[in-house]
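Engineer: data-v7.cif is reproduced in full below (mmCIF, C-alpha atoms).
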```
data_data
#
loop_
_atom_site.label_atom_id
_atom_site.label_comp_id
_atom_site.auth_asym_id
_atom_site.auth_seq_id
_atom_site.Cartn_x
_atom_site.Cartn_y
_atom_site.Cartn_z
CA MET A 1 -19.06 -9.22 -2.58
CA ALA A 2 -18.96 -8.13 1.05
CA ARG A 3 -15.72 -6.62 2.22
CA GLU A 4 -13.75 -8.78 4.66
CA ALA A 5 -14.07 -7.75 8.29
CA ILE A 6 -10.27 -7.56 8.69
CA ILE A 7 -10.05 -5.07 5.80
CA GLU A 8 -12.86 -2.98 7.29
CA ARG A 9 -10.90 -2.84 10.55
CA LEU A 10 -7.65 -1.99 8.78
CA ALA A 11 -9.31 0.82 6.81
CA LYS A 12 -10.18 2.60 10.08
CA LEU A 13 -6.49 2.80 11.03
CA ASP A 14 -3.56 4.77 9.65
CA THR A 15 -0.17 3.57 8.44
CA CYS A 16 1.64 5.11 11.41
CA ALA A 17 -0.31 3.07 13.97
CA VAL A 18 0.17 -0.07 11.87
CA SER A 19 3.90 0.64 11.49
CA ASP A 20 4.17 0.93 15.29
CA ALA A 21 2.26 -2.33 15.65
CA LEU A 22 4.63 -4.10 13.26
CA ASP A 23 7.61 -2.77 15.24
CA SER A 24 6.10 -3.96 18.53
CA LEU A 25 5.70 -7.46 17.06
CA GLY A 26 9.17 -7.54 15.50
CA LEU A 27 7.79 -7.67 11.95
CA LYS A 28 8.78 -5.87 8.74
CA GLY A 29 6.18 -4.25 6.53
CA ALA A 30 6.56 -0.47 6.66
CA THR A 31 8.01 1.08 3.49
CA TRP A 32 9.26 4.52 2.51
CA GLY A 33 9.38 6.68 -0.62
CA VAL A 34 6.09 5.66 -2.25
CA ARG A 35 3.58 8.51 -2.02
CA PRO A 36 0.12 9.45 -3.32
CA GLN A 37 0.47 11.05 -6.74
CA TRP A 38 -2.73 13.07 -6.40
CA PRO A 39 -4.75 13.74 -3.20
CA CYS A 40 -5.73 10.07 -3.09
CA PRO A 41 -8.00 8.64 -0.42
CA LYS A 42 -6.65 6.04 1.96
CA ILE A 43 -6.92 2.52 0.53
CA ALA A 44 -6.90 -0.92 2.16
CA GLY A 45 -7.14 -4.28 0.45
CA ARG A 46 -5.39 -7.48 -0.56
CA ALA A 47 -2.34 -7.51 -2.80
CA VAL A 48 -2.27 -8.68 -6.38
CA THR A 49 1.42 -8.50 -7.25
CA MET A 50 3.26 -7.68 -10.46
CA LYS A 51 7.01 -7.75 -11.16
CA ILE A 52 8.59 -5.64 -13.90
CA LYS A 53 11.87 -6.35 -15.71
CA PRO A 54 13.85 -4.59 -18.47
CA ALA A 55 12.68 -5.24 -22.02
CA GLY A 56 14.82 -7.57 -24.15
CA LEU A 57 14.72 -8.99 -27.65
CA GLN A 58 11.69 -11.16 -26.95
CA GLN A 59 8.40 -9.34 -27.40
CA PRO A 60 5.94 -9.59 -24.50
CA ALA A 61 2.91 -11.79 -25.03
CA GLN A 62 0.53 -9.21 -23.55
CA HIS A 63 0.50 -5.63 -22.34
CA LEU A 64 1.88 -5.29 -18.83
CA GLY A 65 -0.75 -4.96 -16.12
CA THR A 66 -3.64 -6.54 -18.00
CA ALA A 67 -3.29 -10.05 -16.50
CA PRO A 68 -3.05 -8.82 -12.87
CA ILE A 69 -6.17 -6.70 -13.34
CA GLU A 70 -8.04 -9.67 -14.80
CA ALA A 71 -6.92 -11.87 -11.87
CA ALA A 72 -7.88 -9.31 -9.22
CA GLU A 73 -11.12 -9.20 -7.26
CA PRO A 74 -13.05 -5.99 -6.47
CA GLY A 75 -11.34 -4.20 -3.60
CA ASP A 76 -7.89 -5.64 -4.33
CA ILE A 77 -4.78 -3.47 -4.73
CA ILE A 78 -2.23 -3.92 -7.52
CA VAL A 79 1.29 -3.93 -6.01
CA ILE A 80 4.08 -3.36 -8.55
CA ASP A 81 7.77 -4.10 -8.12
CA ASN A 82 9.77 -2.00 -10.57
CA ALA A 83 12.80 -1.83 -8.26
CA GLY A 84 12.16 1.83 -7.53
CA GLN A 85 13.01 2.92 -11.09
CA PRO A 86 11.87 6.56 -11.46
CA GLN A 87 12.81 7.23 -15.11
CA PHE A 88 9.94 5.48 -16.94
CA SER A 89 6.38 4.46 -16.28
CA CYS A 90 4.98 1.00 -15.63
CA TRP A 91 1.36 2.11 -15.18
CA GLY A 92 -0.82 4.48 -17.20
CA GLY A 93 -4.28 5.83 -17.91
CA LEU A 94 -5.79 2.83 -19.67
CA LEU A 95 -4.71 0.55 -16.83
CA SER A 96 -6.22 2.97 -14.31
CA LEU A 97 -9.46 2.94 -16.28
CA SER A 98 -9.54 -0.85 -16.48
CA ALA A 99 -8.77 -1.23 -12.79
CA ARG A 100 -11.35 1.38 -11.83
CA LEU A 101 -14.06 -0.37 -13.83
CA LYS A 102 -13.08 -3.70 -12.26
CA GLY A 103 -13.65 -2.15 -8.83
CA LEU A 104 -10.06 -2.30 -7.61
CA SER A 105 -9.08 -0.06 -4.70
CA GLY A 106 -5.90 1.35 -6.26
CA VAL A 107 -2.31 0.68 -7.31
CA VAL A 108 0.94 1.09 -5.36
CA ILE A 109 4.14 1.22 -7.41
CA ASP A 110 7.77 0.91 -6.40
CA GLY A 111 8.57 2.95 -9.49
CA ALA A 112 6.82 5.57 -11.59
CA SER A 113 3.41 6.07 -13.18
CA ARG A 114 2.13 8.32 -15.92
CA ASP A 115 -1.25 9.75 -17.03
CA ILE A 116 -1.79 10.88 -13.46
CA ASP A 117 -4.37 13.49 -14.51
CA GLU A 118 -6.48 10.68 -15.96
CA ALA A 119 -6.19 8.68 -12.75
CA ARG A 120 -7.23 11.72 -10.71
CA ASP A 121 -10.21 12.41 -12.97
CA LEU A 122 -11.25 8.76 -12.66
CA GLY A 123 -10.86 8.92 -8.89
CA PHE A 124 -8.45 5.99 -9.05
CA PRO A 125 -5.76 6.08 -6.32
CA VAL A 126 -2.16 5.86 -7.59
CA TYR A 127 0.71 5.67 -5.11
CA ALA A 128 4.19 5.69 -6.65
CA ARG A 129 7.73 7.08 -6.37
CA GLY A 130 6.96 9.68 -9.02
CA VAL A 131 5.29 10.56 -12.30
CA VAL A 132 6.89 10.71 -15.76
CA PRO A 133 5.51 10.94 -19.31
CA MET A 134 7.68 8.14 -20.74
CA THR A 135 5.94 4.92 -21.73
CA ALA A 136 6.95 1.44 -20.62
CA ARG A 137 6.93 0.33 -24.27
CA GLY A 138 10.38 -0.80 -25.36
CA ARG A 139 11.79 -0.16 -21.89
CA VAL A 140 10.22 -2.67 -19.48
CA VAL A 141 7.91 -5.68 -19.62
CA GLN A 142 5.91 -7.69 -17.14
CA ASP A 143 8.03 -10.49 -15.70
CA SER A 144 5.37 -12.19 -13.55
CA PHE A 145 2.21 -11.60 -11.57
CA ASN A 146 0.76 -13.05 -8.38
CA GLN A 147 4.21 -14.20 -7.29
CA GLU A 148 6.25 -13.05 -4.31
CA ILE A 149 7.91 -9.68 -4.94
CA GLN A 150 9.97 -7.11 -3.07
CA PHE A 151 8.17 -3.83 -2.60
CA ALA A 152 10.17 -0.86 -1.34
CA GLY A 153 12.38 -3.10 0.75
CA VAL A 154 9.79 -5.52 2.15
CA GLN A 155 8.42 -8.85 1.00
CA CYS A 156 4.95 -8.84 -0.53
CA ARG A 157 3.00 -11.92 -1.57
CA PRO A 158 -0.40 -12.31 -3.20
CA GLY A 159 -3.12 -11.91 -0.60
CA ASP A 160 -1.07 -9.91 1.89
CA LEU A 161 -2.89 -6.91 3.32
CA VAL A 162 -1.97 -3.46 2.00
CA LEU A 163 -2.71 -0.10 3.63
CA ALA A 164 -1.80 3.17 1.90
CA ASP A 165 -2.34 6.76 3.03
CA GLY A 166 -0.56 10.09 2.98
CA SER A 167 2.24 8.78 5.20
CA GLY A 168 3.14 5.82 3.00
CA ILE A 169 2.52 2.13 2.36
CA ILE A 170 2.28 -0.82 4.75
CA ILE A 171 2.40 -4.50 3.77
CA ILE A 172 1.06 -6.97 6.37
CA PRO A 173 1.89 -10.69 6.00
CA ARG A 174 -1.36 -12.62 5.73
CA GLU A 175 -0.33 -15.09 8.47
CA LYS A 176 0.12 -12.25 10.97
CA GLU A 177 -2.69 -9.91 9.91
CA GLY A 178 -4.93 -10.62 12.94
CA ASP A 179 -2.13 -9.92 15.43
CA VAL A 180 -0.98 -6.79 13.58
CA VAL A 181 -4.43 -5.24 13.20
CA ALA A 182 -5.33 -5.95 16.83
CA ALA A 183 -2.07 -4.37 18.02
CA ALA A 184 -2.59 -1.36 15.76
CA GLU A 185 -6.14 -0.89 17.04
CA ALA A 186 -4.86 -0.81 20.62
CA ILE A 187 -2.16 1.72 19.70
CA PHE A 188 -4.64 3.86 17.76
CA GLN A 189 -7.07 3.85 20.71
CA LYS A 190 -4.32 4.96 23.09
CA GLU A 191 -3.37 7.76 20.70
CA GLN A 192 -6.98 8.95 20.62
CA GLU A 193 -7.11 8.94 24.41
CA MET A 194 -3.84 10.87 24.56
CA ALA A 195 -5.09 13.44 22.06
CA ALA A 196 -8.30 13.91 24.04
CA GLY A 197 -6.32 14.47 27.25
CA ILE A 198 -4.01 17.00 25.59
CA ARG A 199 -7.03 18.91 24.26
CA LYS A 200 -8.34 19.09 27.83
CA GLY A 201 -5.11 20.75 28.96
CA HIS A 202 -2.97 17.84 30.13
CA SER A 203 0.65 17.81 28.97
CA GLY A 204 1.85 15.30 26.42
CA LEU A 205 4.31 13.86 28.96
CA GLU A 206 1.55 13.45 31.52
CA MET A 207 -0.63 11.54 29.06
CA LEU A 208 2.29 9.37 27.93
CA GLU A 209 2.97 8.31 31.50
CA LYS A 210 -0.67 7.93 32.46
CA LEU A 211 -1.56 5.68 29.54
CA GLY A 212 1.69 3.72 29.33
CA TYR A 213 2.02 4.52 25.63
CA GLU A 214 5.77 3.90 25.35
CA GLN A 215 5.44 0.48 26.97
CA MET A 216 2.89 -0.51 24.31
CA LEU A 217 5.43 0.11 21.57
CA ASN A 218 8.15 -2.07 23.03
CA LYS A 219 8.83 -5.30 21.14
CA LYS A 220 6.96 -8.22 22.60
#
```
Let me see the structure of the file written as structure tokens.

Structural biologist:
Amino acid sequence: MAREAIIERLAKLDTCAVSDALDSLGLKGATWGVRPQWPCPKIAGRAVTMKIKPAGLQQPAQHLGTAPIEAAEPGDIIVIDNAGQPQFSCWGGLLSLSARLKGLSGVVIDGASRDIDEARDLGFPVYARGVVPMTARGRVVQDSFNQEIQFAGVQCRPGDLVLADGSGIIIIPREKEGDVVAAAEAIFQKEQEMAAGIRKGHSGLEMLEKLGYEQMLNKK
């Protein structure tokens, strides 16, 4: 399946330019605290969401993560809401293997992962708040998937765009993705022009004033 043009455009950007674009449009979507857990490549794709809750007396009907992976399309990104819990995992090596073989782009977790060496060896990107050896079994279960969740302080719904790189994670509401990507492309282009001018010997202040960079970042 051909990759969507909007995702191809997003993949050429970085999270900082997209964060600035969101700010300029008065939108939320930039998160903090979720980082690559090995030297992961940048990933861009559509969200398949999963919400985690504490385990109770009722046994789960299926292993957490399996249904979201089955529902996902190649190129999608699994987005997990575990409320930032760092003390136990909600993603592991077998899920990374399954997702990799399905052709998914990666997983971003507001919580912790484990089996990170396996993920690295598979080349499967894992972004999370940390890594622990403790299993999810007996601690947490899957509450829902492909429903609206909160991810690191922002709303995320199935089909929203996700961009992850070394600076963090961005969630872009599907209804606003065209406006956000276009604004980010303009910001990114200005930054490239500024960098080229600085390399030629111009001062940063001179390039800021010449290109009107600060004005671009003001809320519209």

Engineer: May I ask which of the residues A:Gly111, A:Pro74, A:Gly123, A:Pro133 is the closest one to Ser96 in chain A, counting all atoms listed in the file?

Structural biologist: A:Gly123

Engineer: Spell out the residues picked by the PyMOL selection byres ((chain A and resi 180-190) around 7) here, as a list in words.

Structural biologist: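 Taken on the displayed file, the PyMOL selection byres ((chain A and resi 180-190) around 7) yields the residues Leu10, Ala17, Val18, Ala21, Leu22, Lys176, Glu177, Gly178, Asp179, Glu191, Gln192, Glu193, Met194 and Tyr213 of chain A.
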
Engineer: Rounded to one decimal place, report the CA of Asp110 in chain A-CA of Arg157 in chain A distance in Å.

Structural biologist: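 Pair CA of Asp110 in chain A / CA of Arg157 in chain A returns 14.5 Å.
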
Engineer: Report the residues retrieved by the PyMOL selection byres ((chain A and resi 40-42) around 10) from the displayed file, expressed as a list in words.

Structural biologist: Ala11, Lys12, Leu13, Asp14, Thr15, Arg35, Pro36, Gln37, Trp38, Pro39, Ile43, Ala44, Ser105, Gly106, Ala119, Arg120, Gly123, Phe124, Pro125, Val126, Tyr127, Leu163, Ala164, Asp165, Gly166, Ser167, Gly168 and Ile169 of chain A

Engineer: Translate the PyMOL selection byres ((chain A and resi 52) around 12) into a concrete residue list for this structure, as a PyMOL selection string.

Structural biologist: chain A and resi 49-51+53-55+60+63-65+79-85+88-91+109-112+136+139-145+147+149-151

Engineer: Using C-alpha atoms, can you write the selected residues to a file as a compact mmCIF listing (two decimals), in the frame of the given file?

Structural biologist:
```
# COMPACT_ATOMS: atom_id res chain seq x y z
CA THR A 49 1.42 -8.50 -7.25
CA MET A 50 3.26 -7.68 -10.46
CA LYS A 51 7.01 -7.75 -11.16
CA LYS A 53 11.87 -6.35 -15.71
CA PRO A 54 13.85 -4.59 -18.47
CA ALA A 55 12.68 -5.24 -22.02
CA PRO A 60 5.94 -9.59 -24.50
CA HIS A 63 0.50 -5.63 -22.34
CA LEU A 64 1.88 -5.29 -18.83
CA GLY A 65 -0.75 -4.96 -16.12
CA VAL A 79 1.29 -3.93 -6.01
CA ILE A 80 4.08 -3.36 -8.55
CA ASP A 81 7.77 -4.10 -8.12
CA ASN A 82 9.77 -2.00 -10.57
CA ALA A 83 12.80 -1.83 -8.26
CA GLY A 84 12.16 1.83 -7.53
CA GLN A 85 13.01 2.92 -11.09
CA PHE A 88 9.94 5.48 -16.94
CA SER A 89 6.38 4.46 -16.28
CA CYS A 90 4.98 1.00 -15.63
CA TRP A 91 1.36 2.11 -15.18
CA ILE A 109 4.14 1.22 -7.41
CA ASP A 110 7.77 0.91 -6.40
CA GLY A 111 8.57 2.95 -9.49
CA ALA A 112 6.82 5.57 -11.59
CA ALA A 136 6.95 1.44 -20.62
CA ARG A 139 11.79 -0.16 -21.89
CA VAL A 140 10.22 -2.67 -19.48
CA VAL A 141 7.91 -5.68 -19.62
CA GLN A 142 5.91 -7.69 -17.14
CA ASP A 143 8.03 -10.49 -15.70
CA SER A 144 5.37 -12.19 -13.55
CA PHE A 145 2.21 -11.60 -11.57
CA GLN A 147 4.21 -14.20 -7.29
CA ILE A 149 7.91 -9.68 -4.94
CA GLN A 150 9.97 -7.11 -3.07
CA PHE A 151 8.17 -3.83 -2.60
```

Engineer: Might you pull out every residue within 7 Å of Ala30 in chain A, with only C-alpha atoms counted and same-chain residues fewer than 6 positions away left off, and present them as a list in words?

Structural biologist: Ser19, Ile169, Ile170 and Ile171 of chain A
